Amino acid sequence: MQRKTTLFMSLILLTCCSQLFAQTVGNSVITATPQAPQVDASSYILMDFHSGRVLAADNPNLQVEPASITKMMTAYVVFSEIKAGNLALDDMITVSEKAWRTGGSKMFIEVDKQVQVEDLIRGMIIQSGNDACVALAEHIAGSEEVFASMMNQHAKQLNMHDSHFLNATGLPDEGHLVTAHDVALLGQAMITNFPDLYHFYSEKEFTFNKIKQHNRNTLLYRDPTVDGFKTGHTEAAGYCLATSAMRNGMRLISVIMGTDSEKARADETQKLINYGFRFFETHKLYRGGEQQVTPEIWKGQDETIALGLANDLFITIPKGSYDQLKAHVDVPGLLTAPIQQGTQLGTLNIMLNGEPMMQRPLVALQTAEQAGWWSRSMDGIGLWFKSFGSDD
């Protein structure tokens, strides 16, 4: 009886917490969420940063030339090297002739001169300097070609399945392609993995070699909630913009590829993120590693085992619909030790207005060791009697 009561009370607690959570919203009224605005671009995506939910998209998996959006992956590799301790912001890099001669946008570094890594990062992100990208790539990998292979390795780890990089700059190169969806995943990983370096994307200007240049992301000047990511443009790629913005704790990521002007990429992005913030809200429902239910366990040193989520759970829903969220768990009727920490033992189901919204695995939050011979034997007898009372 004690075993069953523990699980029953845990389920009640989870339900009550969910209902209490909903009641804090007040007497909000659910309204129909309108369709996303029309966006004049070859492809685009609008995604919530925390939950990963896609709020609007058109051709998000279309492979397109990324132009200088490429530099987001270049920066991701550079930041990874810094985080791993292989590179430091105050390291000095000697500029090669190849880096100096690289065409397109520049930060105006000079051949054989030494430049600090931090300056090259600003030159790459703020000034979109192709010369800075090549200098960083050569210093890290020995050549731009090897650096491109590092970019592809990181892309694979980030599940950017439809992207392939051949250079560090985004200059046209047959087979150098990304998708809007993959770029959104990259932006999400950038903020998550390098919060102490992400600030470079919000800087509006940088002066190097007595030349001041401004960040080409015009939304940084127009919308104070926009704090990062990158522009891109070539004749083949059109005008592209990857953007992140945060309002009242909710962060959105927008990627727009193939518009026809600088103004268009900014206007279409603004249209998308305004839509997302106006009609959706994101909530953190549960913390990762926090006990949610404690079902009974047989033949173990303890009578129950704590189950919870491996990671924090965020959900993005239409505004005003929070009080329609319900949660319930499914746990197998019979659990026996030993059970290793991290083993999936059930599921947490989230419903919105009676419709399935998401499902996440419930895992063991600690290892359940097997009991001694006597306790296991007694539990074995108990299970034998229990089987007679089963409805199965």
# chains A, B, ... in the order shown; residues from 1 in each chain; ligands from 1
>>> residues_around(residues="stretch 60-62 of chain A", least_positions_apart="3", cutoff="12 Å", atoms="only C-alpha atoms", output="ChimeraX atom specification")
/A:41-47,54-57,65-66,160-163,177-185,254-258
>>> select_by_dssp(residues="stretch 142-219 of chain A", states="helix (DSSP H, G or I)", output="ChimeraX atom specification")
/A:144-157,180-193,198-202,219
>>> closest_residue(among="A:His139, A:Pro34, A:Lys230, A:Glu205", to="A:Met73", atoms="only C-alpha atoms")
A:Lys230
>>> residues_around(residues="A:Tyr198", least_positions_apart="6", cutoff="9 Å", atoms="only C-alpha atoms", output="PDB file with C-alpha atoms, in the first residue's frame")
ATOM      1  CA  MET A 190      25.837  30.043 -30.665  1.00  0.00           C
ATOM      2  CA  ILE A 191      23.866  31.693 -27.867  1.00  0.00           C
ATOM      3  CA  ASP A 227      21.008  41.810 -30.201  1.00  0.00           C
ATOM      4  CA  GLY A 228      22.787  39.803 -32.829  1.00  0.00           C
ATOM      5  CA  PHE A 229      23.652  37.605 -35.796  1.00  0.00           C
TER       6      PHE A 229
END
>>> residues_around(residues="A:Gly276", least_positions_apart="6", cutoff="12 Å", atoms="only C-alpha atoms", output="PyMOL selection string")
chain A and resi 33-37+45-49+53-57+244-247+250-254+269-270+282+316-319
>>> closest_residue(among="A:Tyr322, A:Tyr76, A:Phe314, A:Tyr239", to="A:Gly52", atoms="only C-alpha atoms")
A:Phe314
>>> residues_around(residues="A:Lys98", least_positions_apart="2", cutoff="9 Å", atoms="only C-alpha atoms", output="PyMOL selection string")
chain A and resi 95-96+100-102+111+131+134-135
>>> closest_residue(among="A:Leu365, A:Met358, A:Cys240, A:Ala189", to="A:Val77", atoms="only C-alpha atoms")
A:Ala189
>>> residues_around(residues="A:Tyr221", least_positions_apart="5", cutoff="10 Å", atoms="only C-alpha atoms", output="list of chain:residue names")
A:Ser202, A:Lys204, A:Asn215, A:Arg216, A:Val226, A:Asp227
>>> closest_residue(among="A:Ala236, A:Ile305, A:Ile297, A:Val331", to="A:Asp173", atoms="only C-alpha atoms")
A:Ala236
>>> closest_residue(among="A:Gly346, A:Gly320, A:Gly129, A:Gly354", to="A:Phe208", atoms="only C-alpha atoms")
A:Gly129
